[in-house]
file structure.tsv (TSV, C-alpha atoms and all ligand atoms)
chain	number	residue	atom	x	y	z
A	1	MET	CA	9.95	-1.78	53.56
A	2	GLU	CA	10.08	1.37	55.63
A	3	TYR	CA	8.99	4.87	54.75
A	4	HIS	CA	9.76	8.33	56.09
A	5	PRO	CA	6.90	9.75	58.16
A	6	LEU	CA	4.57	12.07	56.27
A	7	PRO	CA	4.28	15.69	57.36
A	8	GLN	CA	0.82	16.93	58.35
A	9	PRO	CA	-0.74	19.83	56.42
A	10	ASP	CA	-0.01	22.42	59.14
A	11	GLU	CA	3.64	21.41	59.16
A	12	ILE	CA	4.16	22.33	55.51
A	13	GLU	CA	5.16	25.88	54.65
A	14	VAL	CA	2.97	27.84	52.29
A	15	ARG	CA	5.87	28.41	49.89
A	16	VAL	CA	6.45	24.66	49.65
A	17	ARG	CA	2.77	24.05	49.03
A	18	GLU	CA	2.79	26.60	46.26
A	19	ASP	CA	5.80	24.99	44.64
A	20	ALA	CA	4.04	21.62	44.79
A	21	MET	CA	0.92	23.12	43.22
A	22	GLY	CA	3.11	24.75	40.59
A	23	ALA	CA	4.36	21.35	39.51
A	24	TYR	CA	0.91	20.37	38.22
A	25	PHE	CA	0.45	23.61	36.36
A	26	MET	CA	3.94	23.40	34.95
A	27	MET	CA	3.16	19.93	33.61
A	28	PHE	CA	0.01	21.30	32.02
A	29	ALA	CA	1.88	24.06	30.31
A	30	THR	CA	4.40	21.62	28.92
A	31	THR	CA	1.68	19.21	27.81
A	32	ALA	CA	-0.07	21.92	25.84
A	33	MET	CA	3.26	23.10	24.46
A	34	GLY	CA	4.27	19.60	23.43
A	35	LEU	CA	1.07	18.71	21.60
A	36	PRO	CA	2.48	18.97	18.09
A	37	LEU	CA	5.51	16.95	19.10
A	38	PRO	CA	4.52	15.29	22.37
A	39	ILE	CA	7.99	14.08	23.36
A	40	LEU	CA	9.20	17.65	23.90
A	41	ASN	CA	7.01	18.20	26.94
A	42	LEU	CA	8.50	15.16	28.64
A	43	VAL	CA	11.94	16.71	28.32
A	44	ALA	CA	10.65	19.97	29.79
A	45	ALA	CA	8.94	18.06	32.59
A	46	VAL	CA	12.08	16.13	33.49
A	47	ILE	CA	14.11	19.36	33.58
A	48	TYR	CA	11.49	20.88	35.85
A	49	TYR	CA	11.79	17.91	38.18
A	50	TYR	CA	15.56	18.25	38.49
A	51	VAL	CA	15.35	22.00	39.09
A	52	ASN	CA	12.89	21.47	41.96
A	53	ARG	CA	14.49	18.39	43.42
A	54	ASP	CA	15.99	20.17	46.42
A	55	LYS	CA	12.76	21.79	47.54
A	56	GLY	CA	11.89	18.93	49.82
A	57	LYS	CA	10.03	15.65	49.68
A	58	PHE	CA	6.54	17.18	49.52
A	59	VAL	CA	7.36	19.08	46.33
A	60	GLN	CA	9.25	16.08	44.97
A	61	PHE	CA	6.28	13.83	45.53
A	62	HIS	CA	3.84	16.06	43.67
A	63	THR	CA	6.28	16.80	40.87
A	64	LEU	CA	6.99	13.11	40.35
A	65	GLN	CA	3.33	12.15	40.52
A	66	SER	CA	2.56	14.76	37.91
A	67	LEU	CA	5.53	13.75	35.75
A	68	TYR	CA	4.76	10.03	35.88
A	69	SER	CA	1.10	10.49	35.07
A	70	GLN	CA	2.08	12.65	32.14
A	71	ILE	CA	4.25	9.94	30.57
A	72	PRO	CA	1.45	7.60	29.42
A	73	VAL	CA	-0.64	10.55	28.22
A	74	THR	CA	2.31	11.76	26.18
A	75	LEU	CA	3.01	8.31	24.76
A	76	LEU	CA	-0.64	7.87	23.80
A	77	ASN	CA	-0.65	11.25	22.09
A	78	SER	CA	2.59	10.48	20.26
A	79	GLY	CA	1.04	7.25	19.05
A	80	LEU	CA	-2.00	9.15	17.86
A	81	VAL	CA	0.07	11.71	15.98
A	82	ALA	CA	2.16	8.98	14.36
A	83	TRP	CA	-0.87	6.88	13.45
A	84	THR	CA	-2.61	9.88	11.92
A	85	ILE	CA	0.41	10.85	9.84
A	86	VAL	CA	0.90	7.30	8.62
A	87	ASN	CA	-2.77	7.08	7.66
A	88	PHE	CA	-2.54	10.28	5.69
A	89	VAL	CA	0.78	9.57	4.00
A	90	LYS	CA	-0.02	5.98	3.09
A	91	ASP	CA	-3.67	6.74	2.42
A	92	PHE	CA	-4.81	4.05	4.85
A	93	ASP	CA	-8.35	3.86	6.13
A	94	PHE	CA	-9.28	5.48	9.39
A	95	THR	CA	-10.62	2.32	10.97
A	96	GLY	CA	-12.86	1.87	14.00
A	97	PHE	CA	-9.70	0.76	15.76
A	98	TYR	CA	-8.15	4.16	15.06
A	99	TRP	CA	-11.19	6.09	16.26
A	100	GLY	CA	-11.33	3.89	19.33
A	101	TYR	CA	-7.72	4.79	20.04
A	102	LEU	CA	-8.54	8.46	19.59
A	103	VAL	CA	-11.39	8.18	22.06
A	104	MET	CA	-9.07	6.43	24.50
A	105	CYS	CA	-6.47	9.21	24.15
A	106	ALA	CA	-9.16	11.80	24.76
A	107	CYS	CA	-10.34	9.93	27.88
A	108	ALA	CA	-6.78	9.64	29.17
A	109	GLY	CA	-6.20	13.35	28.57
A	110	LEU	CA	-9.41	14.30	30.32
A	111	ILE	CA	-8.76	12.06	33.32
A	112	TYR	CA	-5.20	13.38	33.55
A	113	PHE	CA	-6.53	16.94	33.44
A	114	ILE	CA	-9.14	16.40	36.17
A	115	PHE	CA	-6.78	14.54	38.47
A	116	SER	CA	-4.09	17.18	38.01
A	117	ILE	CA	-6.49	19.98	38.97
A	118	VAL	CA	-7.54	18.09	42.09
A	119	GLY	CA	-3.90	17.29	42.82
A	120	ALA	CA	-2.93	20.95	42.50
A	121	VAL	CA	-5.72	22.13	44.79
A	122	LYS	CA	-4.84	19.53	47.41
A	123	ALA	CA	-1.15	20.31	47.18
A	124	ARG	CA	-1.95	23.96	47.84
A	125	LYS	CA	-3.70	22.83	51.02
A	126	GLY	CA	-0.71	20.73	52.00
A	127	ILE	CA	-2.53	17.46	51.46
A	128	PHE	CA	-1.19	14.29	49.87
A	129	TYR	CA	-3.44	13.24	47.07
A	130	TYR	CA	-2.61	9.94	45.45
A	131	PHE	CA	-3.39	9.20	41.81
A	132	VAL	CA	-4.17	5.60	41.03
A	133	PHE	CA	-0.85	3.81	40.47
A	134	PHE	CA	1.25	6.96	39.87
A	135	GLY	CA	0.61	8.27	43.39
A	136	LYS	CA	1.88	5.06	44.92
A	137	VAL	CA	4.92	4.95	42.66
A	138	ALA	CA	5.80	8.56	43.47
A	139	TYR	CA	5.29	8.00	47.21
A	140	HIS	CA	7.37	4.86	47.11
A	141	GLN	CA	10.18	6.58	45.31
A	142	VAL	CA	10.27	9.74	47.44
A	143	TYR	CA	9.46	8.47	50.93
A	144	ARG	CA	11.06	5.06	50.96
A	145	ILE	CA	13.94	4.86	53.42
A	146	ARG	CA	16.89	3.86	51.33
A	147	PRO	CA	19.57	1.67	52.84
A	148	LYS	CA	22.51	3.83	53.94
A	149	TYR	CA	25.79	3.66	52.10
A	150	GLY	CA	28.06	1.20	53.80
A	151	THR	CA	25.49	-1.52	54.32
A	152	SER	CA	26.36	-2.61	50.82
A	153	ALA	CA	29.91	-3.29	52.04
A	154	PRO	CA	31.01	-6.90	51.69
A	155	GLU	CA	29.39	-9.13	54.23
A	156	ASN	CA	30.45	-12.69	54.96
A	157	ARG	CA	27.80	-15.33	54.95
A	158	PRO	CA	27.81	-19.07	55.45
A	159	PRO	CA	27.47	-21.19	52.27
A	160	SER	CA	23.93	-21.76	51.10
A	161	TYR	CA	22.77	-25.35	51.12
B	1	MET	CA	3.34	-1.99	48.48
B	2	ARG	CA	4.73	-3.47	45.26
B	3	ARG	CA	1.73	-5.77	44.94
B	4	SER	CA	-0.60	-2.88	45.44
B	5	ILE	CA	1.23	-0.81	42.80
B	6	LEU	CA	1.08	-3.72	40.37
B	7	LYS	CA	-2.62	-4.15	41.03
B	8	ASP	CA	-3.21	-0.47	40.29
B	9	LEU	CA	-1.24	-0.75	37.07
B	10	LEU	CA	-3.24	-3.75	35.91
B	11	ILE	CA	-6.52	-2.02	36.71
B	12	LEU	CA	-5.40	1.06	34.81
B	13	LEU	CA	-4.28	-0.94	31.77
B	14	GLY	CA	-7.48	-2.97	31.86
B	15	VAL	CA	-9.72	0.07	32.02
B	16	PHE	CA	-7.99	1.76	29.10
B	17	ALA	CA	-7.85	-1.39	27.00
B	18	LEU	CA	-11.57	-1.70	27.60
B	19	ILE	CA	-12.18	1.92	26.59
B	20	TRP	CA	-10.22	1.33	23.38
B	21	LEU	CA	-12.04	-1.88	22.61
B	22	LEU	CA	-15.52	-0.51	23.28
B	23	ALA	CA	-14.83	2.69	21.38
B	24	SER	CA	-13.52	0.64	18.44
B	25	LEU	CA	-16.69	-1.38	18.25
B	26	PHE	CA	-18.77	1.73	17.82
B	27	ASN	CA	-19.83	1.98	14.20
B	28	TYR	CA	-18.01	4.92	12.67
B	29	PRO	CA	-19.27	6.05	9.29
B	30	ASP	CA	-16.36	5.37	6.94
B	31	LYS	CA	-17.95	5.95	3.58
B	32	PRO	CA	-19.41	9.19	2.31
B	33	LYS	CA	-23.12	8.70	2.72
B	34	LEU	CA	-23.77	12.28	1.71
B	35	LEU	CA	-25.61	11.04	-1.31
B	36	SER	CA	-28.52	8.78	-0.50
B	37	ILE	CA	-28.87	5.56	-2.46
B	38	GLU	CA	-32.19	6.76	-3.88
B	39	LYS	CA	-30.65	9.96	-5.17
B	40	GLU	CA	-27.70	8.03	-6.55
B	41	GLU	CA	-30.04	5.69	-8.40
B	42	ARG	CA	-31.98	8.56	-9.92
B	43	LEU	CA	-28.79	10.29	-11.05
B	44	GLY	CA	-27.43	7.00	-12.36
B	45	GLU	CA	-30.47	6.45	-14.56
B	46	ALA	CA	-30.03	9.88	-16.10
B	47	TYR	CA	-26.33	9.20	-16.73
B	48	VAL	CA	-27.02	5.86	-18.38
B	49	ASP	CA	-29.64	7.40	-20.65
B	50	LEU	CA	-27.20	10.13	-21.68
B	51	ILE	CA	-24.30	7.74	-22.23
B	52	LEU	CA	-26.39	5.47	-24.44
B	53	LEU	CA	-27.28	8.47	-26.61
B	54	ASN	CA	-23.60	8.74	-27.53
B	55	PRO	CA	-22.94	6.82	-30.77
B	56	MET	CA	-19.82	5.31	-29.18
B	57	PHE	CA	-21.97	3.63	-26.53
B	58	ARG	CA	-25.09	2.59	-28.39
B	59	GLU	CA	-27.00	-0.16	-26.67
B	60	LEU	CA	-26.58	-3.54	-28.28
B	61	GLU	CA	-29.85	-5.18	-29.21
B	62	ASN	CA	-29.13	-8.87	-28.88
B	63	GLU	CA	-31.41	-11.02	-26.77
B	64	LYS	CA	-29.04	-13.95	-26.53
B	65	ILE	CA	-26.26	-11.79	-25.15
B	66	ASP	CA	-28.58	-9.89	-22.85
B	67	SER	CA	-29.90	-13.09	-21.34
B	68	ALA	CA	-26.38	-14.50	-20.93
B	69	VAL	CA	-25.20	-11.34	-19.18
B	70	SER	CA	-28.22	-11.20	-16.92
B	71	MET	CA	-27.77	-14.87	-16.09
B	72	ILE	CA	-24.22	-14.19	-14.94
B	73	GLY	CA	-25.36	-11.02	-13.19
B	74	ASP	CA	-28.18	-12.82	-11.38
B	75	ARG	CA	-25.80	-15.46	-10.10
B	76	LEU	CA	-23.44	-12.83	-8.73
B	77	GLU	CA	-26.22	-10.68	-7.31
B	78	ALA	CA	-27.82	-13.65	-5.58
B	79	ASN	CA	-24.57	-14.21	-3.70
B	80	LEU	CA	-24.05	-10.68	-2.46
B	81	GLU	CA	-24.20	-10.67	1.30
B	82	HIS	CA	-26.01	-7.42	1.46
B	83	SER	CA	-26.58	-4.77	-1.14
B	84	ASP	CA	-28.37	-1.47	-1.31
B	85	TYR	CA	-28.35	-1.62	-5.09
B	86	LEU	CA	-30.42	-3.21	-7.77
B	87	TYR	CA	-27.99	-4.00	-10.53
B	88	ASN	CA	-28.52	-3.11	-14.12
B	89	PHE	CA	-26.11	-4.56	-16.68
B	90	VAL	CA	-26.14	-2.90	-20.07
B	91	VAL	CA	-24.23	-4.18	-23.09
B	92	PHE	CA	-23.20	-1.53	-25.59
B	93	ASP	CA	-22.04	-2.01	-29.14
B	94	SER	CA	-18.36	-1.24	-29.37
B	95	LYS	CA	-15.21	-2.96	-30.54
B	96	MET	CA	-13.42	-1.50	-27.52
B	97	ILE	CA	-12.67	-3.87	-24.67
B	98	ASN	CA	-14.29	-1.96	-21.88
B	99	ALA	CA	-16.54	-2.10	-18.86
B	100	PHE	CA	-17.32	0.63	-16.38
B	101	THR	CA	-19.54	1.56	-13.52
B	102	VAL	CA	-22.15	4.28	-13.45
B	103	PRO	CA	-23.64	5.33	-10.10
B	104	GLY	CA	-26.72	3.56	-8.84
B	105	GLY	CA	-25.57	0.02	-9.64
B	106	ASN	CA	-25.36	0.41	-13.40
B	107	ILE	CA	-22.59	-1.51	-15.08
B	108	LEU	CA	-21.90	-1.00	-18.74
B	109	ILE	CA	-20.15	-3.72	-20.71
B	110	SER	CA	-18.88	-3.47	-24.27
B	111	SER	CA	-19.59	-6.18	-26.83
B	112	GLY	CA	-15.83	-6.09	-27.46
B	113	LEU	CA	-15.22	-7.28	-23.92
B	114	ILE	CA	-17.66	-10.16	-24.37
B	115	ALA	CA	-15.81	-11.19	-27.53
B	116	PHE	CA	-12.50	-10.93	-25.68
B	117	CYS	CA	-13.55	-13.19	-22.79
B	118	ASP	CA	-12.82	-16.86	-23.42
B	119	SER	CA	-15.43	-18.03	-20.96
B	120	PRO	CA	-18.48	-16.70	-19.14
B	121	GLU	CA	-16.40	-17.02	-15.95
B	122	GLU	CA	-13.97	-14.43	-17.24
B	123	LEU	CA	-16.80	-12.04	-17.92
B	124	ALA	CA	-18.19	-12.81	-14.48
B	125	SER	CA	-14.87	-11.86	-12.90
B	126	VAL	CA	-14.91	-8.46	-14.61
B	127	MET	CA	-18.52	-7.92	-13.61
B	128	ALA	CA	-17.71	-8.87	-10.03
B	129	HIS	CA	-14.84	-6.37	-10.05
B	130	GLU	CA	-17.16	-3.61	-11.26
B	131	MET	CA	-19.71	-4.60	-8.61
B	132	GLY	CA	-16.92	-4.08	-6.10
B	133	HIS	CA	-16.60	-0.47	-7.27
B	134	VAL	CA	-20.36	-0.09	-6.86
B	135	GLU	CA	-20.57	-1.59	-3.37
B	136	GLU	CA	-17.56	0.38	-2.12
B	137	ARG	CA	-19.09	3.52	-3.66
B	138	HIS	CA	-15.86	4.34	-5.44
B	139	VAL	CA	-17.48	6.18	-8.31
B	140	VAL	CA	-19.73	8.24	-6.12
B	141	SER	CA	-16.97	9.20	-3.71
B	142	ARG	CA	-14.78	10.21	-6.62
B	143	LEU	CA	-17.48	12.35	-8.15
B	144	ILE	CA	-18.20	13.99	-4.81
B	145	LYS	CA	-14.49	14.62	-4.33
B	146	GLU	CA	-14.03	16.11	-7.78
B	147	LEU	CA	-17.22	18.07	-8.19
B	148	GLY	CA	-18.64	18.50	-4.73
B	149	ILE	CA	-22.03	17.32	-3.65
B	150	ASP	CA	-23.86	20.51	-4.65
B	151	ILE	CA	-22.78	20.51	-8.28
B	152	LEU	CA	-23.28	16.76	-8.51
B	153	THR	CA	-26.89	16.90	-7.36
B	154	SER	CA	-27.78	20.13	-9.11
B	155	GLY	CA	-29.59	18.28	-11.90
B	156	ASP	CA	-28.24	20.77	-14.40
B	157	GLN	CA	-28.13	19.35	-17.95
B	158	TYR	CA	-24.68	20.66	-18.68
B	159	VAL	CA	-23.30	19.12	-15.48
B	160	LEU	CA	-24.99	15.84	-16.35
B	161	GLY	CA	-23.18	15.84	-19.67
B	162	GLU	CA	-19.86	16.59	-18.02
B	163	VAL	CA	-20.33	13.82	-15.48
B	164	THR	CA	-21.08	11.25	-18.14
B	165	GLY	CA	-17.85	12.28	-19.80
B	166	LEU	CA	-16.04	11.62	-16.54
B	167	LEU	CA	-17.79	8.29	-16.05
B	168	THR	CA	-16.81	6.84	-19.41
B	169	SER	CA	-13.16	7.58	-18.71
B	170	THR	CA	-13.04	6.76	-15.01
B	171	SER	CA	-9.88	5.53	-13.45
B	172	PHE	CA	-9.45	4.54	-9.85
B	173	ASP	CA	-6.48	4.64	-7.57
B	174	ARG	CA	-4.51	1.58	-6.66
B	175	LYS	CA	-6.18	1.08	-3.34
B	176	GLN	CA	-9.63	1.16	-4.87
B	177	GLU	CA	-8.59	-1.30	-7.55
B	178	GLU	CA	-7.25	-3.66	-4.91
B	179	GLU	CA	-10.48	-3.36	-2.96
B	180	ALA	CA	-12.51	-4.14	-6.06
B	181	ASP	CA	-10.26	-7.11	-6.88
B	182	ARG	CA	-10.61	-8.45	-3.38
B	183	PHE	CA	-14.35	-7.98	-3.45
B	184	ALA	CA	-14.51	-9.74	-6.81
B	185	ALA	CA	-12.53	-12.76	-5.60
B	186	GLU	CA	-14.81	-13.20	-2.59
B	187	LEU	CA	-17.99	-12.74	-4.58
B	188	LEU	CA	-16.83	-15.17	-7.24
B	189	GLU	CA	-16.08	-17.78	-4.63
B	190	ARG	CA	-19.50	-17.39	-3.03
B	191	SER	CA	-21.02	-17.66	-6.50
B	192	SER	CA	-19.22	-20.98	-7.11
B	193	ILE	CA	-16.99	-19.46	-9.76
B	194	GLU	CA	-13.24	-20.06	-9.58
B	195	PRO	CA	-12.02	-16.80	-7.96
B	196	ARG	CA	-8.62	-17.02	-9.59
B	197	THR	CA	-10.22	-16.58	-13.00
B	198	LEU	CA	-9.54	-12.92	-12.30
B	199	ALA	CA	-5.79	-13.61	-12.43
B	200	THR	CA	-6.14	-15.46	-15.72
B	201	PHE	CA	-8.07	-12.58	-17.14
B	202	PHE	CA	-5.52	-10.04	-15.89
B	203	ARG	CA	-2.70	-12.00	-17.47
B	204	LYS	CA	-4.50	-11.96	-20.79
B	205	LEU	CA	-4.94	-8.23	-20.47
B	206	GLU	CA	-1.28	-7.78	-19.63
B	207	GLU	CA	-0.18	-9.79	-22.66
B	208	GLU	CA	-2.24	-7.51	-24.86
B	209	SER	CA	-1.52	-4.33	-22.99
B	210	ASP	CA	-0.50	-2.58	-26.25
B	211	ASN	CA	-3.88	-3.33	-27.73
B	212	GLU	CA	-5.46	-0.01	-28.70
B	213	LEU	CA	-8.89	-1.47	-28.12
B	214	MET	CA	-8.47	-1.61	-24.37
B	215	LYS	CA	-6.95	1.79	-23.73
B	216	HIS	CA	-10.07	3.03	-21.94
B	217	PHE	CA	-10.54	-0.07	-19.81
B	218	GLU	CA	-10.49	1.14	-16.19
B	219	ILE	CA	-9.38	-2.23	-14.87
B	220	ILE	CA	-5.90	-1.75	-16.35
B	221	SER	CA	-5.60	1.98	-15.73
B	222	THR	CA	-3.31	1.39	-12.76
B	223	HIS	CA	-0.66	0.01	-15.03
B	224	PRO	CA	2.59	-0.06	-13.05
B	225	ASN	CA	1.28	-2.39	-10.42
B	226	PHE	CA	-0.50	-4.80	-12.62
B	227	SER	CA	1.76	-7.74	-11.86
B	228	SER	CA	1.22	-7.32	-8.14
B	229	ARG	CA	-2.51	-7.44	-8.74
B	230	ILE	CA	-2.08	-10.66	-10.70
B	231	ARG	CA	-0.06	-12.09	-7.84
B	232	GLU	CA	-2.68	-10.94	-5.35
B	233	ALA	CA	-5.50	-12.50	-7.37
B	234	LEU	CA	-3.58	-15.75	-7.77
B	235	SER	CA	-2.82	-16.00	-4.10
B	236	TYR	CA	-6.49	-15.91	-3.15
B	237	GLU	CA	-7.29	-19.23	-1.53
B	238	PRO	CA	-10.83	-20.50	-1.79
B	239	ALA	CA	-12.25	-22.54	1.08
B	240	ASP	CA	-11.43	-26.26	1.15
B	241	ASP	CA	-14.94	-27.30	0.22
B	242	PHE	CA	-15.10	-24.87	-2.70
B	243	LYS	CA	-16.48	-26.41	-5.87
B	244	ALA	CA	-16.81	-24.51	-9.08
B	245	LEU	CA	-20.22	-24.71	-10.69
B	246	PRO	CA	-19.85	-24.19	-14.46
B	247	MET	CA	-22.03	-21.61	-16.18
B	248	ASP	CA	-24.66	-23.33	-18.23
B	249	LEU	CA	-24.01	-21.21	-21.32
B	250	ASP	CA	-23.01	-21.98	-24.88
B	251	TRP	CA	-20.32	-19.32	-24.82
B	252	GLU	CA	-19.02	-19.79	-28.35
B	253	GLY	CA	-22.55	-19.77	-29.69
B	254	ILE	CA	-23.21	-16.55	-27.84
B	255	GLN	CA	-20.02	-14.93	-29.07
B	256	ALA	CA	-20.83	-16.00	-32.63
B	257	GLY	CA	-23.89	-13.79	-32.48
B	258	LEU	CA	-21.81	-10.66	-31.91
C	301	ZN	ZN	-11.55	-1.31	-11.32
call {"tool": "encode", "arguments": {"input": "structure.tsv", "output": "structure tokens"}}
result
Amino acid sequence: MEYHPLPQPDEIEVRVREDAMGAYFMMFATTAMGLPLPILNLVAAVIYYYVNRDKGKFVQFHTLQSLYSQIPVTLLNSGLVAWTIVNFVKDFDFTGFYWGYLVMCACAGLIYFIFSIVGAVKARKGIFYYFVFFGKVAYHQVYRIRPKYGTSAPENRPPSY
Amino acid sequence: MRRSILKDLLILLGVFALIWLLASLFNYPDKPKLLSIEKEERLGEAYVDLILLNPMFRELENEKIDSAVSMIGDRLEANLEHSDYLYNFVVFDSKMINAFTVPGGNILISSGLIAFCDSPEELASVMAHEMGHVEERHVVSRLIKELGIDILTSGDQYVLGEVTGLLTSTSFDRKQEEEADRFAAELLERSSIEPRTLATFFRKLEEESDNELMKHFEIISTHPNFSSRIREALSYEPADDFKALPMDLDWEGIQAGL
């Protein structure tokens, strides 16, 4: 699989760097906004991605990385909200399993927060900073060289044995 | 690249699953321990003394019955896995079919209930149910919820009187009843008493549910779901090697002395 070459920090315009940094902060704002109903912030984040799509691959990469890493945090939080409501409505016990989940959500939120800050600072400096997993996925999606249209045209091949 | 992404994902999932697991194992306090056991026992003693002063709950002086009840109680207590309480079973003289729990491990049983039970096992199943309320601290949590810890522990005579009034007419919510039933079934099994006796006893209660004598009995205060509790009690499956050990009591002889 081939990838587009990465630009070096001095090749990236300041305005582009600022847009990339903005992506992380934007995701923060939506996360905080979406806390009572965590799915909302995902919608906001996706809209933000589409608005900024044409600002170049560097911005796209950071926006996607931020968006992807937000998804599991949002899902975890949604689960927590749902679990809490169910417990209250049905008068279930708050088990160790529940508290463990809460701790896990808090850890995920904290890690997401720290990584996003670092990501934002690096983006401002024009540096690629890869989150575990999400960084690779975002890179793969943005910088992979996609096969050109036309190569998918019918192609004759000998029979397979 | 794909392999590397997959590896990252697995590591991430593993780390968070581990966090969840470890954090779940941590012992979270799930019961209100605001009231220490010692304090609860002291309060409980005062409540029992006050309740027994009431002519409706006069203590029954009958050695035969006392020794039968403590024999059943000892058997159950000996099979508790762990308990902070020292149990005190008191039989009071009343035609009412009734049994209730007073904080500190005190369980009050009416002579009417003893007459109503066809076997010592039936009485044991009620006692085990009440012990469930004690161990799960249902009474204490309810009192704390209704009165607040400060009023409850104030030691004021008037409050004491009010609390005893509450105690003699306690009712629990459905969840607490189910917990107590479950606890009773398990304790009965460990004590070599057929755990499904509870279902038999419930059915008898249900048949006589119009009986005025049992209108204060907390065990049936959650009326609408009584049949589901019978079903639940019946569906309890004792271990394969379970063997009931009959109570060595002349039950009819004991009841004749009432
Ligand atoms: Zn009960």
call {"tool": "interface_residues", "arguments": {"input": "structure.tsv", "of": "chain B", "to": "chain A", "cutoff": "10 Å", "atoms": "only C-alpha atoms", "output": "list in words"}}
result
Met1, Arg2, Ser4, Ile5, Leu6, Lys7, Asp8, Leu9, Leu10, Ile11, Leu12, Val15, Phe16, Ala17, Leu18, Ile19, Trp20, Leu21, Leu22, Ala23, Ser24, Leu25, Phe26, Asn27, Tyr28, Pro29, Asp30 and Lys175 of chain B
call {"tool": "residues_near_ligand", "arguments": {"input": "structure.tsv", "ligand": "ligand ZN 301 (chain C)", "cutoff": "12 Å", "atoms": "only C-alpha atoms and all ligand atoms", "output": "PyMOL selection string"}}
result
chain B and resi 98-101+107+125-134+136-139+169-184+198+202+216-223+226+229
call {"tool": "closest_residue", "arguments": {"input": "structure.tsv", "among": "B:Ser36, B:Ser119, B:Ser110, B:Asn54", "to": "Glu252 of chain B", "atoms": "all atoms listed in the file"}}
result
B:Ser119
call {"tool": "atom_distance", "arguments": {"input": "structure.tsv", "atom1": "atom CA of Ile109 of chain B", "atom2": "atom CA of Ser227 of chain B"}}
result
24.0 Å
call {"tool": "atom_distance", "arguments": {"input": "structure.tsv", "atom1": "atom CA of Val159 of chain B", "atom2": "atom CA of Arg142 of chain B"}}
result
15.2 Å
call {"tool": "atom_distance", "arguments": {"input": "structure.tsv", "atom1": "atom CA of Asp19 of chain A", "atom2": "atom CA of Val118 of chain A"}}
result
15.2 Å
call {"tool": "residues_around", "arguments": {"input": "structure.tsv", "residues": "segment 73-84 of chain B", "least_positions_apart": "4", "cutoff": "10 Å", "atoms": "all atoms listed in the file", "output": "list in words"}}
result
Ile37, Glu38, Ser67, Ala68, Val69, Asn88, Phe89, Gly104, Gly105, Leu123, Ala124, Ser125, Met127, Ala128, Met131, Val134, Glu135, Ala184, Glu186, Leu187, Leu188, Glu189, Arg190, Ser191, Ser192, Ile193 and Met247 of chain B
call {"tool": "axis_aligned_box", "arguments": {"input": "structure.tsv", "around": "segment 85-97 of chain A", "padding_each_side": "5 Å", "output": "AutoDock Vina command-line options"}}
result
--center_x -6.0 --center_y 5.8 --center_z 9.1 --size_x 23.8 --size_y 20.1 --size_z 23.3
call {"tool": "residues_near_point", "arguments": {"input": "structure.tsv", "point": "(-0.2, 18.6, 57.0)", "cutoff": "12 Å", "atoms": "all atoms listed in the file", "output": "ChimeraX atom specification"}}
result
/A:5-14,16-17,58,122-129
call {"tool": "closest_residue", "arguments": {"input": "structure.tsv", "among": "A:Val89, A:Asn41, A:Thr31, A:Thr84", "to": "Tyr112 of chain A", "atoms": "only C-alpha atoms"}}
result
A:Thr31
call {"tool": "residues_around", "arguments": {"input": "structure.tsv", "residues": "Leu75 of chain A", "least_positions_apart": "5", "cutoff": "10 Å", "atoms": "all atoms listed in the file", "output": "NGL selection string"}}
result
:A and (38-39 or 42 or 70 or 80-81 or 105)
call {"tool": "closest_residue", "arguments": {"input": "structure.tsv", "among": "B:Met96, B:Val90, B:Leu43, B:Leu13", "to": "Ser154 of chain B", "atoms": "only C-alpha atoms"}}
result
B:Leu43
call {"tool": "closest_residue", "arguments": {"input": "structure.tsv", "among": "A:Val51, A:Ala45, A:Val121, A:Glu155", "to": "Thr30 of chain A", "atoms": "all atoms listed in the file"}}
result
A:Ala45
call {"tool": "closest_residue", "arguments": {"input": "structure.tsv", "among": "B:Leu167, B:Val91, B:Ala239, B:Ala233", "to": "Glu63 of chain B", "atoms": "all atoms listed in the file"}}
result
B:Val91
